$ cat final.txt   # compact mmCIF, C-alpha atoms
# COMPACT_ATOMS: atom_id res chain seq x y z
CA MET A 253 -32.33 -39.22 -8.28
CA ARG A 254 -30.10 -41.93 -6.84
CA SER A 255 -26.49 -41.22 -5.88
CA GLY A 256 -23.93 -41.66 -8.62
CA THR A 257 -26.25 -40.41 -11.35
CA GLY A 258 -24.90 -38.51 -14.34
CA THR A 259 -22.25 -35.95 -15.15
CA VAL A 260 -22.66 -32.19 -14.71
CA ALA A 261 -20.64 -29.50 -16.47
CA VAL A 262 -20.85 -26.09 -14.80
CA ILE A 263 -19.92 -23.26 -17.16
CA GLY A 264 -18.47 -20.45 -15.04
CA GLY A 265 -16.51 -20.77 -11.82
CA SER A 266 -17.45 -17.72 -9.79
CA ILE A 267 -20.03 -17.60 -6.97
CA ALA A 268 -22.95 -19.18 -8.81
CA GLY A 269 -20.74 -21.79 -10.45
CA LEU A 270 -19.12 -22.91 -7.22
CA ALA A 271 -22.47 -23.07 -5.44
CA PHE A 272 -23.98 -25.24 -8.20
CA ALA A 273 -20.95 -27.51 -8.38
CA SER A 274 -21.11 -28.15 -4.65
CA ALA A 275 -24.87 -28.67 -4.77
CA ALA A 276 -24.55 -31.23 -7.58
CA ALA A 277 -21.77 -33.08 -5.76
CA ARG A 278 -23.70 -33.16 -2.48
CA ALA A 279 -26.82 -34.37 -4.27
CA GLY A 280 -24.95 -37.32 -5.74
CA ALA A 281 -23.76 -36.53 -9.27
CA ALA A 282 -21.33 -39.10 -10.59
CA GLY A 283 -19.02 -36.37 -11.87
CA VAL A 284 -18.92 -32.57 -11.71
CA VAL A 285 -16.57 -30.32 -13.68
CA VAL A 286 -16.35 -26.53 -13.49
CA LEU A 287 -15.11 -24.73 -16.60
CA GLU A 288 -13.86 -21.21 -15.80
CA ARG A 289 -12.52 -19.08 -18.66
CA THR A 290 -10.20 -16.79 -16.65
CA ARG A 291 -6.70 -17.81 -15.63
CA GLY A 292 -6.12 -15.16 -12.95
CA ARG A 293 -6.84 -15.30 -9.23
CA LEU A 294 -10.56 -14.78 -8.78
CA ALA A 295 -9.98 -14.32 -5.06
CA ASP A 296 -8.21 -11.01 -5.80
CA ARG A 297 -11.43 -9.32 -6.92
CA GLY A 298 -12.20 -6.59 -4.40
CA ILE A 299 -15.82 -5.75 -5.12
CA GLY A 300 -18.23 -5.54 -2.20
CA LEU A 301 -21.69 -7.06 -1.85
CA CYS A 302 -24.35 -7.51 0.81
CA VAL A 303 -26.62 -10.37 1.87
CA HIS A 304 -29.79 -9.87 3.90
CA ASN A 305 -29.55 -11.44 7.35
CA ASP A 306 -32.64 -13.59 6.74
CA ARG A 307 -31.28 -14.85 3.44
CA ALA A 308 -27.90 -15.60 5.03
CA ALA A 309 -29.51 -17.67 7.79
CA GLU A 310 -31.61 -19.54 5.25
CA LEU A 311 -28.64 -20.23 2.96
CA THR A 312 -26.45 -21.36 5.84
CA ALA A 313 -29.15 -23.87 6.77
CA THR A 314 -29.27 -25.28 3.23
CA GLY A 315 -25.47 -25.55 3.05
CA ALA A 316 -25.17 -23.06 0.19
CA LEU A 317 -23.39 -20.45 2.35
CA PRO A 318 -20.48 -22.02 4.26
CA ALA A 319 -19.84 -20.91 7.81
CA GLY A 320 -16.80 -18.85 8.72
CA ILE A 321 -16.62 -16.55 5.69
CA PRO A 322 -15.69 -13.01 6.87
CA ALA A 323 -18.71 -10.70 6.95
CA HIS A 324 -19.25 -7.21 8.34
CA PRO A 325 -22.55 -6.46 10.14
CA LEU A 326 -24.68 -3.55 8.91
CA ALA A 327 -27.76 -2.28 10.73
CA ARG A 328 -28.91 1.04 9.26
CA ARG A 329 -29.01 3.02 6.06
CA ARG A 330 -28.77 6.80 6.05
CA TRP A 331 -30.07 8.82 3.08
CA VAL A 332 -27.96 11.99 2.80
CA VAL A 333 -28.28 15.21 0.77
CA ARG A 334 -25.95 18.12 0.31
CA ASP A 335 -26.84 20.98 2.65
CA ALA A 336 -24.25 23.68 3.34
CA ALA A 337 -26.29 24.98 6.28
CA VAL A 338 -25.87 21.66 8.11
CA GLY A 339 -22.21 20.99 7.42
CA PRO A 340 -19.72 19.18 5.18
CA ALA A 341 -21.27 15.74 5.78
CA GLY A 342 -24.66 16.90 4.52
CA ARG A 343 -28.11 16.33 6.00
CA VAL A 344 -29.63 12.95 6.82
CA ILE A 345 -33.19 12.97 5.50
CA TRP A 346 -34.02 9.46 6.68
CA GLU A 347 -32.46 6.54 8.53
CA GLN A 348 -33.97 3.11 7.90
CA PRO A 349 -33.17 -0.37 9.25
CA PHE A 350 -30.71 -2.28 7.08
CA PRO A 351 -30.39 -5.88 8.37
CA PHE A 352 -27.55 -7.06 6.13
CA HIS A 353 -23.98 -8.33 6.31
CA SER A 354 -21.42 -7.12 3.78
CA TYR A 355 -18.87 -9.36 2.07
CA HIS A 356 -15.71 -8.98 0.05
CA TRP A 357 -16.39 -10.78 -3.26
CA GLY A 358 -12.98 -12.44 -3.26
CA LEU A 359 -13.31 -13.69 0.32
CA LEU A 360 -16.79 -15.05 -0.38
CA TRP A 361 -15.48 -16.80 -3.49
CA ARG A 362 -12.55 -18.24 -1.54
CA GLY A 363 -14.88 -19.58 1.17
CA LEU A 364 -17.08 -21.25 -1.45
CA ARG A 365 -14.02 -22.65 -3.23
CA GLU A 366 -12.59 -24.11 -0.03
CA ALA A 367 -15.97 -25.71 0.76
CA THR A 368 -16.25 -27.31 -2.70
CA PRO A 369 -16.13 -31.12 -2.39
CA ASP A 370 -12.87 -32.73 -3.51
CA SER A 371 -14.77 -34.73 -6.13
CA VAL A 372 -15.43 -31.54 -8.15
CA VAL A 373 -12.89 -30.89 -10.92
CA TYR A 374 -12.18 -27.14 -11.29
CA ARG A 375 -10.51 -26.19 -14.59
CA GLN A 376 -9.33 -22.62 -15.14
CA GLY A 377 -8.48 -21.16 -18.52
CA GLU A 378 -11.24 -23.20 -20.17
CA GLY A 379 -13.29 -20.81 -22.27
CA VAL A 380 -16.58 -22.17 -23.60
CA THR A 381 -17.75 -20.84 -26.95
CA SER A 382 -21.12 -22.62 -27.18
CA VAL A 383 -23.34 -25.26 -25.65
CA ALA A 384 -25.72 -27.44 -27.67
CA ARG A 385 -28.62 -29.53 -26.46
CA THR A 386 -28.57 -33.19 -27.49
CA ALA A 387 -31.08 -36.02 -27.15
CA GLY A 388 -29.42 -37.40 -24.03
CA GLY A 389 -27.56 -34.44 -22.59
CA ALA A 390 -25.46 -31.52 -23.81
CA GLU A 391 -22.31 -30.82 -25.81
CA VAL A 392 -19.90 -28.15 -24.58
CA ARG A 393 -17.54 -26.67 -27.17
CA LEU A 394 -14.31 -25.27 -25.73
CA ALA A 395 -12.36 -22.31 -27.11
CA GLY A 396 -9.64 -24.65 -28.34
CA GLY A 397 -12.16 -26.56 -30.48
CA ALA A 398 -12.62 -29.66 -28.33
CA VAL A 399 -16.15 -30.85 -27.54
CA GLU A 400 -17.07 -32.39 -24.20
CA ARG A 401 -20.33 -34.20 -23.43
CA CYS A 402 -22.29 -34.23 -20.21
CA ASP A 403 -25.70 -35.24 -18.91
CA LEU A 404 -26.45 -31.70 -17.71
CA ALA A 405 -24.92 -28.30 -18.55
CA VAL A 406 -25.34 -25.52 -15.99
CA GLY A 407 -24.93 -21.96 -17.27
CA ALA A 408 -23.36 -20.02 -14.41
CA ASP A 409 -21.46 -17.80 -16.84
CA GLY A 410 -22.99 -14.44 -15.98
CA TYR A 411 -24.74 -11.75 -17.96
CA ARG A 412 -22.82 -12.59 -21.15
CA SER A 413 -23.77 -16.27 -20.89
CA VAL A 414 -23.17 -18.57 -23.86
CA VAL A 415 -25.38 -21.25 -22.30
CA ARG A 416 -28.35 -18.87 -22.43
CA GLU A 417 -28.40 -19.17 -26.20
CA ALA A 418 -29.16 -22.90 -25.86
CA VAL A 419 -32.02 -22.20 -23.44
CA CYS A 420 -33.50 -18.92 -24.72
CA PRO A 421 -32.08 -18.16 -28.19
CA GLY A 422 -31.73 -14.45 -28.90
CA SER A 423 -32.26 -13.39 -25.29
CA ARG A 424 -29.77 -10.61 -24.46
CA PRO A 425 -29.33 -8.03 -21.70
CA VAL A 426 -30.71 -4.56 -22.48
CA TYR A 427 -28.83 -1.39 -21.45
CA ALA A 428 -30.79 0.53 -18.81
CA GLY A 429 -29.47 3.97 -19.84
CA TYR A 430 -26.99 4.59 -17.01
CA VAL A 431 -23.84 3.18 -15.43
CA CYS A 432 -22.30 2.79 -12.04
CA TRP A 433 -18.84 3.84 -11.00
CA ARG A 434 -17.45 1.46 -8.39
CA GLY A 435 -14.45 1.67 -6.12
CA HIS A 436 -12.94 0.56 -2.84
CA PHE A 437 -10.08 1.53 -0.50
CA ASP A 438 -8.58 0.70 2.88
CA ALA A 439 -10.93 2.00 5.60
CA ARG A 440 -7.95 3.25 7.62
CA ARG A 441 -7.72 6.12 5.14
CA LEU A 442 -10.87 7.54 6.72
CA ASP A 443 -8.68 8.62 9.63
CA SER A 444 -6.38 10.67 7.39
CA PRO A 445 -6.56 14.49 7.26
CA ALA A 446 -7.70 14.19 3.62
CA ALA A 447 -11.02 12.66 4.73
CA GLY A 448 -11.81 15.54 7.05
CA GLY A 449 -13.56 13.45 9.70
CA ALA A 450 -17.27 12.86 10.24
CA ASP A 451 -19.61 10.73 12.31
CA TRP A 452 -20.00 7.61 10.18
CA PRO A 453 -20.75 4.57 12.36
CA ALA A 454 -19.28 1.30 11.13
CA ASP A 455 -22.71 -0.36 10.97
CA ALA A 456 -24.19 2.36 8.75
CA VAL A 457 -24.65 2.43 4.99
CA SER A 458 -24.70 5.96 3.55
CA THR A 459 -26.67 6.73 0.40
CA VAL A 460 -25.77 10.13 -1.05
CA CYS A 461 -28.70 11.48 -3.08
CA PHE A 462 -28.52 14.02 -5.91
CA LEU A 463 -30.48 15.00 -8.99
CA GLY A 464 -30.06 12.22 -11.53
CA GLY A 465 -28.38 9.65 -9.34
CA SER A 466 -27.31 8.25 -6.00
CA CYS A 467 -24.28 6.62 -4.38
CA VAL A 468 -24.18 3.81 -1.82
CA ILE A 469 -21.14 3.68 0.53
CA TYR A 470 -20.42 1.01 3.15
CA ARG A 471 -17.64 -0.99 4.74
CA ILE A 472 -16.70 -4.56 3.79
CA PRO A 473 -14.18 -7.07 5.19
CA GLY A 474 -10.70 -6.72 3.74
CA PRO A 475 -8.37 -9.56 2.72
CA ASP A 476 -5.86 -8.45 5.40
CA GLY A 477 -8.38 -8.84 8.23
CA GLY A 478 -9.25 -5.14 8.39
CA LEU A 479 -12.04 -3.24 6.66
CA ARG A 480 -12.34 -1.58 3.27
CA VAL A 481 -14.76 1.09 2.10
CA ASN A 482 -16.83 0.03 -0.91
CA TRP A 483 -18.91 2.47 -2.96
CA VAL A 484 -21.27 2.31 -5.94
CA LEU A 485 -22.33 5.53 -7.72
CA TYR A 486 -25.18 5.47 -10.26
CA ALA A 487 -25.55 8.18 -12.91
CA VAL A 488 -25.90 8.74 -16.64
CA PRO A 489 -22.47 8.82 -18.36
CA PRO A 490 -21.41 11.95 -20.25
CA PRO A 491 -22.41 11.97 -23.94
CA ALA A 492 -18.90 13.11 -24.85
CA ALA A 493 -17.49 9.77 -23.68
CA GLY A 494 -18.91 8.17 -26.83
CA LEU A 495 -19.63 4.86 -25.13
CA ARG A 496 -21.18 1.99 -27.10
CA LEU A 497 -23.12 0.07 -24.48
CA ASP A 498 -25.79 -1.84 -26.41
CA ASP A 499 -23.60 -4.95 -26.32
CA PRO A 500 -22.95 -6.13 -22.75
CA THR A 501 -19.61 -4.78 -21.59
CA SER A 502 -17.75 -3.33 -18.62
CA PHE A 503 -14.66 -1.19 -17.95
CA PRO A 504 -12.34 -3.05 -15.55
CA PRO A 505 -10.07 -1.30 -13.04
CA GLY A 506 -7.29 0.55 -14.82
CA THR A 507 -9.26 1.03 -18.06
CA VAL A 508 -11.57 3.92 -17.11
CA SER A 509 -11.15 6.70 -19.66
CA GLY A 510 -10.07 10.22 -18.79
CA GLU A 511 -13.49 11.49 -19.88
CA LEU A 512 -15.28 9.21 -17.42
CA ALA A 513 -12.81 9.98 -14.62
CA SER A 514 -13.23 13.73 -15.18
CA HIS A 515 -17.00 13.41 -15.20
CA LEU A 516 -16.89 11.56 -11.89
CA ALA A 517 -14.69 14.25 -10.32
CA GLU A 518 -17.02 17.01 -11.54
CA LEU A 519 -20.05 15.14 -10.22
CA LEU A 520 -18.50 14.78 -6.77
CA GLU A 521 -17.58 18.47 -6.67
CA ARG A 522 -20.99 19.68 -7.84
CA GLU A 523 -23.46 17.33 -6.16
CA PHE A 524 -21.91 15.67 -3.12
CA PRO A 525 -21.63 16.95 0.43
CA PRO A 526 -17.94 17.89 0.67
CA TYR A 527 -17.11 15.17 3.19
CA TRP A 528 -18.50 12.38 1.00
CA GLY A 529 -16.76 13.77 -2.07
CA ARG A 530 -13.48 13.60 -0.16
CA VAL A 531 -14.26 10.03 0.96
CA LEU A 532 -14.66 8.80 -2.61
CA GLY A 533 -11.55 10.78 -3.55
CA LEU A 534 -9.50 8.49 -1.29
CA THR A 535 -9.85 5.73 -3.90
CA ASP A 536 -6.77 4.95 -5.98
CA PRO A 537 -7.48 5.18 -9.74
CA GLU A 538 -6.54 1.53 -10.22
CA HIS A 539 -9.43 0.56 -7.92
CA VAL A 540 -12.11 2.47 -9.85
CA PHE A 541 -14.12 0.85 -12.61
CA VAL A 542 -17.32 1.47 -14.55
CA GLN A 543 -20.14 -1.03 -14.95
CA PRO A 544 -23.00 -0.28 -17.37
CA ILE A 545 -26.37 -1.33 -15.98
CA TYR A 546 -28.41 -3.93 -17.85
CA ASP A 547 -31.74 -5.77 -17.49
CA LEU A 548 -32.61 -9.27 -18.61
CA GLU A 549 -35.59 -11.54 -18.04
CA THR A 550 -35.63 -14.99 -19.58
CA ALA A 551 -38.82 -16.81 -20.53
CA ARG A 552 -37.48 -19.99 -18.90
CA THR A 553 -34.48 -21.22 -16.95
CA THR A 554 -34.23 -24.70 -18.46
CA ALA A 555 -34.42 -26.33 -21.90
CA GLY A 556 -33.46 -29.89 -22.64
CA ARG A 557 -30.49 -30.75 -20.44
CA CYS A 558 -29.39 -27.12 -20.03
CA LEU A 559 -30.07 -24.94 -17.00
CA LEU A 560 -29.42 -21.26 -16.22
CA ALA A 561 -28.19 -19.95 -12.87
CA GLY A 562 -27.56 -16.56 -11.28
CA ASP A 563 -26.97 -13.70 -13.74
CA ALA A 564 -27.16 -16.06 -16.71
CA ALA A 565 -30.85 -16.58 -15.90
CA SER A 566 -31.72 -12.97 -15.06
CA VAL A 567 -29.71 -9.75 -14.95
CA VAL A 568 -30.95 -7.62 -12.06
CA ARG A 569 -29.84 -4.04 -11.46
CA PRO A 570 -27.72 -3.89 -8.27
CA HIS A 571 -30.22 -1.64 -6.42
CA ASN A 572 -31.91 -4.82 -5.14
CA THR A 573 -28.84 -5.94 -3.18
CA SER A 574 -29.83 -9.49 -4.10
CA GLY A 575 -27.31 -10.80 -6.64
CA ALA A 576 -25.24 -13.13 -4.44
CA ALA A 577 -28.24 -14.31 -2.45
CA LYS A 578 -30.15 -15.09 -5.64
CA ALA A 579 -27.28 -17.17 -7.05
CA LEU A 580 -26.96 -19.17 -3.82
CA GLN A 581 -30.74 -19.61 -3.64
CA ASP A 582 -30.71 -20.96 -7.20
CA ALA A 583 -28.16 -23.56 -6.11
CA SER A 584 -30.20 -24.49 -3.03
CA ALA A 585 -33.33 -24.94 -5.16
CA PHE A 586 -31.33 -27.03 -7.64
CA GLU A 587 -30.09 -29.36 -4.92
CA ALA A 588 -33.56 -29.72 -3.43
CA ALA A 589 -35.06 -30.46 -6.87
CA TRP A 590 -32.36 -33.07 -7.51
CA ARG A 591 -33.10 -34.88 -4.25
CA ARG A 592 -36.84 -34.97 -4.98
CA ALA A 593 -36.56 -35.97 -8.63
CA GLY A 594 -36.69 -39.44 -10.11
CA SER A 595 -35.42 -38.38 -13.52
CA TRP A 596 -33.63 -35.56 -15.33
CA ASP A 597 -36.98 -34.27 -16.60
CA GLU A 598 -38.34 -34.07 -13.07
CA LEU A 599 -35.18 -32.33 -11.85
CA LEU A 600 -35.35 -29.66 -14.53
CA ALA A 601 -39.11 -29.16 -14.12
CA GLY A 602 -38.68 -28.83 -10.36
CA TYR A 603 -35.96 -26.22 -10.75
CA GLN A 604 -38.02 -24.25 -13.29
CA ASP A 605 -41.03 -24.27 -10.96
CA ALA A 606 -38.94 -23.10 -8.02
CA ARG A 607 -36.86 -20.39 -9.70
CA GLY A 608 -38.54 -19.42 -12.97
CA GLY A 609 -40.56 -16.58 -11.48
CA ALA A 610 -38.01 -15.39 -8.92
CA GLY A 611 -35.76 -13.68 -11.46
CA ARG A 612 -38.62 -11.84 -13.15
CA GLU A 613 -39.84 -10.46 -9.83
CA LEU A 614 -36.37 -9.24 -8.91
CA VAL A 615 -35.91 -7.59 -12.32
CA ALA A 616 -39.23 -5.74 -11.94
CA LEU A 617 -38.36 -4.45 -8.47
CA ALA A 618 -34.87 -3.37 -9.54
CA ARG A 619 -36.33 -1.43 -12.47
CA ARG A 620 -38.61 0.48 -10.11
CA LEU A 621 -35.71 1.23 -7.79
CA GLY A 622 -33.54 2.33 -10.71
CA ARG A 623 -36.19 4.74 -11.96
CA ALA A 624 -36.61 6.16 -8.46
CA GLN A 625 -32.93 6.50 -7.60
CA VAL A 626 -31.42 7.44 -10.97
CA GLU A 627 -33.79 8.01 -13.87
CA ARG A 628 -36.56 9.97 -12.13
CA THR A 629 -35.09 11.11 -8.85
CA PRO A 630 -37.35 13.10 -6.50
CA ASP A 631 -36.57 16.43 -4.90
CA TRP A 632 -34.53 14.74 -2.20
CA GLY A 633 -33.79 17.95 -0.32
CA ALA A 634 -37.48 18.69 0.19
CA MET A 635 -38.13 15.32 1.82
CA GLY A 636 -38.30 14.59 5.52
CA ALA A 637 -38.26 11.16 7.14
CA GLY A 638 -41.98 10.59 6.61
CA GLU A 639 -41.93 11.54 2.95
CA ALA A 640 -38.78 9.47 2.33
CA GLU A 641 -40.27 6.38 3.95
CA ALA A 642 -43.51 6.73 1.96
CA TRP A 643 -41.48 7.19 -1.24
CA TRP A 644 -39.49 4.03 -0.46
CA ARG A 645 -42.60 1.95 0.25
CA GLY A 646 -44.02 3.13 -3.05
CA GLN A 647 -41.01 1.75 -4.89
CA LEU A 648 -41.21 -1.59 -3.09
CA ALA A 649 -44.84 -1.85 -4.23
CA GLY A 650 -45.68 -4.59 -1.76
CA ALA A 651 -42.30 -6.35 -1.66
CA ALA A 652 -41.24 -7.02 1.91
CA ASP A 653 -37.74 -5.56 1.46
CA ILE A 654 -34.75 -5.54 -0.84
CA GLY A 655 -32.25 -8.38 -0.62
CA GLY A 656 -34.37 -11.03 -2.33
CA GLN A 657 -37.30 -13.19 -1.32
CA ALA A 658 -37.37 -16.20 0.96
CA LEU A 659 -36.84 -19.56 -0.66
CA ALA A 660 -40.05 -21.50 -1.26
CA SER A 661 -40.32 -24.38 1.18

$ encode --input "final.txt" --output "structure tokens"
Amino acid sequence: MRSGTGTVAVIGGSIAGLAFASAAARAGAAGVVVLERTRGRLADRGIGLCVHNDRAAELTATGALPAGIPAHPLARRRWVVRDAAVGPAGRVIWEQPFPFHSYHWGLLWRGLREATPDSVVYRQGEGVTSVARTAGGAEVRLAGGAVERCDLAVGADGYRSVVREAVCPGSRPVYAGYVCWRGHFDARRLDSPAAGGADWPADAVSTVCFLGGSCVIYRIPGPDGGLRVNWVLYAVPPPAAGLRLDDPTSFPPGTVSGELASHLAELLEREFPPYWGRVLGLTDPEHVFVQPIYDLETARTTAGRCLLAGDAASVVRPHNTSGAAKALQDASAFEAAWRRAGSWDELLAGYQDARGGAGRELVALARRLGRAQVERTPDWGAMGAGEAEAWWRGQLAGAADIGGQALAS
């Protein structure tokens, strides 16, 4: 479509939202507004994430991933089991290549925000309660009651998306039956006597394996220029916690109940190699939170003048290590579809063709990985490198790797 065409409202101002806003501005939208419901500093979020090296190179080439954002190189992944005969750090049953870079969510967000064109209007504290399709565009209803009109509404508002209802009515995330505990701390604490010391190279991801779950531990860039340790532990929550998880929810830092905190401490004591239990114990309580795991596949990513992006389009369990890459790929495909299109209909059809199947494939792979690493864990301790590699290939079921697929040319 020609430059100066139409207005775009992006609902949600995190990674997917910023990427789509920049893509629309670069492609030539007459006006782009981002509506972000939170008022706090998004850059303060400390969660870690990883992007496959191939996806990062691809996204840098499309302009979706700005250069210069701090990233920490990772090269290998070690699968570890508790084994008292070997030592406090446990036994490595398999080491596989892991060609990824890790990011601090807040630093990635800040880099995307700084790269957003000046023409984009970013409005915080603007909650959106609903989006309605109209004959010539979309109507966005704000929490205060006002209604704003646009030529295209982009739902980049995550797994609890309100835009999704306008595209796929009644489509909601489904609880997978387990949660993840997440946390992070300053990597300099690894040198303290409390950690106990172990050989953990900076380029290695450690996956601690136990009956009924697993835990991924790796370093990420810190906001002070140093490194932080980021960890994600998957397991079934205790029945006594009485959690109601059918409706999408999460437990932010500082709100984790005593029951959940006690269960985590017992799990570390019972199942983890002592060294790795001590490592997770270095996390301050205010930096621990619980995230229930959900799945969602949508039948389509567009309807009328509404479009879904990132987690609003598909909720993929984190085992894939593909969430950020998928959101940025969605934005790249959107920009490419815009440049090829001669009309709004062609733009939306092009985006659907490019990204409609990608989310479903990622959801299917993540379900297999979730069953294998949490719901139906193998006898990890009986596995050697050959058995572990064969087990892993079986879960991939023909997929080249985790981290997402290459963008269609």

$ closest_residue --input "final.txt" --among "A:Phe462, A:Phe272, A:Phe503, A:Phe541" --to "Pro630 (chain A)" --atoms "all atoms listed in the file"
A:Phe462

$ closest_residue --input "final.txt" --among "A:Arg480, A:His571, A:Arg623, A:His539" --to "Pro505 (chain A)" --atoms "all atoms listed in the file"
A:His539

$ closest_residue --input "final.txt" --among "A:Leu580, A:Ala585, A:Leu270, A:Ile345" --to "Asp409 (chain A)" --atoms "only C-alpha atoms"
A:Leu270

$ residues_around --input "final.txt" --residues "region 432-447 of chain A" --least-positions-apart "5" --cutoff "6 Å" --atoms "all atoms listed in the file" --output "PDB file with C-alpha atoms, keeping the file's coordinate frame"
ATOM      1  CA  LEU A 479     -12.040  -3.240   6.660  1.00  0.00           C
ATOM      2  CA  ARG A 480     -12.340  -1.580   3.270  1.00  0.00           C
ATOM      3  CA  VAL A 481     -14.760   1.090   2.100  1.00  0.00           C
ATOM      4  CA  ASN A 482     -16.830   0.030  -0.910  1.00  0.00           C
ATOM      5  CA  TRP A 483     -18.910   2.470  -2.960  1.00  0.00           C
ATOM      6  CA  VAL A 484     -21.270   2.310  -5.940  1.00  0.00           C
ATOM      7  CA  LEU A 485     -22.330   5.530  -7.720  1.00  0.00           C
ATOM      8  CA  TYR A 486     -25.180   5.470 -10.260  1.00  0.00           C
ATOM      9  CA  ARG A 530     -13.480  13.600  -0.160  1.00  0.00           C
ATOM     10  CA  VAL A 531     -14.260  10.030   0.960  1.00  0.00           C
ATOM     11  CA  THR A 535      -9.850   5.730  -3.900  1.00  0.00           C
ATOM     12  CA  HIS A 539      -9.430   0.560  -7.920  1.00  0.00           C
ATOM     13  CA  VAL A 540     -12.110   2.470  -9.850  1.00  0.00           C
ATOM     14  CA  PHE A 541     -14.120   0.850 -12.610  1.00  0.00           C
ATOM     15  CA  VAL A 542     -17.320   1.470 -14.550  1.00  0.00           C
ATOM     16  CA  GLN A 543     -20.140  -1.030 -14.950  1.00  0.00           C
TER      17      GLN A 543
END

$ atom_distance --input "final.txt" --atom1 "CA of Glu400 (chain A)" --atom2 "CA of Val285 (chain A)"
10.7 Å

$ residues_around --input "final.txt" --residues "Ala637 (chain A)" --least-positions-apart "4" --cutoff "8 Å" --atoms "all atoms listed in the file" --output "list in words"
Ile345, Trp346, Glu347 and Glu641 of chain A

$ atom_distance --input "final.txt" --atom1 "CA of Gly388 (chain A)" --atom2 "CA of Trp596 (chain A)"
9.8 Å

$ closest_residue --input "final.txt" --among "A:Arg496, A:Arg645, A:Arg592, A:Arg393" --to "Gly429 (chain A)" --atoms "only C-alpha atoms"
A:Arg496

$ closest_residue --input "final.txt" --among "A:Arg289, A:Arg424, A:Arg328, A:His353" --to "Asn305 (chain A)" --atoms "only C-alpha atoms"
A:His353

$ atom_distance --input "final.txt" --atom1 "CA of Ala616 (chain A)" --atom2 "CA of Arg569 (chain A)"
9.6 Å

$ residues_around --input "final.txt" --residues "region 450-461 of chain A" --least-positions-apart "6" --cutoff "6 Å" --atoms "all atoms listed in the file" --output "list of chain:residue names"
A:Leu326, A:Ala327, A:Arg328, A:Arg329, A:Arg330, A:Trp331, A:Val332, A:Val333, A:Cys467, A:Val468, A:Ile469, A:Tyr470

$ write_last_selection --input "final.txt" --atoms "C-alpha atoms" --output "compact mmCIF listing (two decimals), keeping the file's coordinate frame"
# COMPACT_ATOMS: atom_id res chain seq x y z
CA LEU A 326 -24.68 -3.55 8.91
CA ALA A 327 -27.76 -2.28 10.73
CA ARG A 328 -28.91 1.04 9.26
CA ARG A 329 -29.01 3.02 6.06
CA ARG A 330 -28.77 6.80 6.05
CA TRP A 331 -30.07 8.82 3.08
CA VAL A 332 -27.96 11.99 2.80
CA VAL A 333 -28.28 15.21 0.77
CA CYS A 467 -24.28 6.62 -4.38
CA VAL A 468 -24.18 3.81 -1.82
CA ILE A 469 -21.14 3.68 0.53
CA TYR A 470 -20.42 1.01 3.15

$ residues_near_point --input "final.txt" --point "(-21.4, -11.6, 4.0)" --cutoff "9 Å" --atoms "all atoms listed in the file" --output "list in words"
Leu301, Cys302, Val303, His304, Asn305, Ala308, Ile321, Pro322, Ala323, His324, Pro325, Phe352, His353, Ser354, Tyr355, His356, Trp357, Leu360, Ile472 and Pro473 of chain A

$ residues_around --input "final.txt" --residues "region 598-607 of chain A" --least-positions-apart "6" --cutoff "7 Å" --atoms "only C-alpha atoms" --output "list in words"
Thr553, Thr554, Asp582, Ala585, Phe586, Ala589 and Trp590 of chain A

$ closest_atom_pairs --input "final.txt" --of "region 373-444 of chain A" --to "region 273-282 of chain A" --cutoff "10 Å" --atoms "all atoms listed in the file" --output "JSON lines"
{"residue": "A:Val373", "atom": "CA", "partner": "A:Ala273", "partner_atom": "CA", "distance": 9.1}
{"residue": "A:Tyr374", "atom": "CA", "partner": "A:Ala273", "partner_atom": "CA", "distance": 9.2}
{"residue": "A:Asp403", "atom": "CA", "partner": "A:Ala281", "partner_atom": "CA", "distance": 9.9}
{"residue": "A:Val406", "atom": "CA", "partner": "A:Ala273", "partner_atom": "CA", "distance": 9.0}
{"residue": "A:Ala408", "atom": "CA", "partner": "A:Ala273", "partner_atom": "CA", "distance": 9.9}

$ closest_residue --input "final.txt" --among "A:Ala271, A:Ala341, A:Val415, A:Val383" --to "Gly315 (chain A)" --atoms "all atoms listed in the file"
A:Ala271

$ residues_near_point --input "final.txt" --point "(-41.1, -6.2, -1.3)" --cutoff "12 Å" --atoms "all atoms listed in the file" --output "compact mmCIF listing (two decimals) with C-alpha atoms, keeping the file's coordinate frame"
# COMPACT_ATOMS: atom_id res chain seq x y z
CA ASN A 572 -31.91 -4.82 -5.14
CA GLU A 613 -39.84 -10.46 -9.83
CA LEU A 614 -36.37 -9.24 -8.91
CA ALA A 616 -39.23 -5.74 -11.94
CA LEU A 617 -38.36 -4.45 -8.47
CA ALA A 618 -34.87 -3.37 -9.54
CA ARG A 620 -38.61 0.48 -10.11
CA LEU A 621 -35.71 1.23 -7.79
CA TRP A 644 -39.49 4.03 -0.46
CA ARG A 645 -42.60 1.95 0.25
CA GLY A 646 -44.02 3.13 -3.05
CA GLN A 647 -41.01 1.75 -4.89
CA LEU A 648 -41.21 -1.59 -3.09
CA ALA A 649 -44.84 -1.85 -4.23
CA GLY A 650 -45.68 -4.59 -1.76
CA ALA A 651 -42.30 -6.35 -1.66
CA ALA A 652 -41.24 -7.02 1.91
CA ASP A 653 -37.74 -5.56 1.46
CA ILE A 654 -34.75 -5.54 -0.84
CA GLY A 655 -32.25 -8.38 -0.62
CA GLY A 656 -34.37 -11.03 -2.33
CA GLN A 657 -37.30 -13.19 -1.32
CA ALA A 658 -37.37 -16.20 0.96
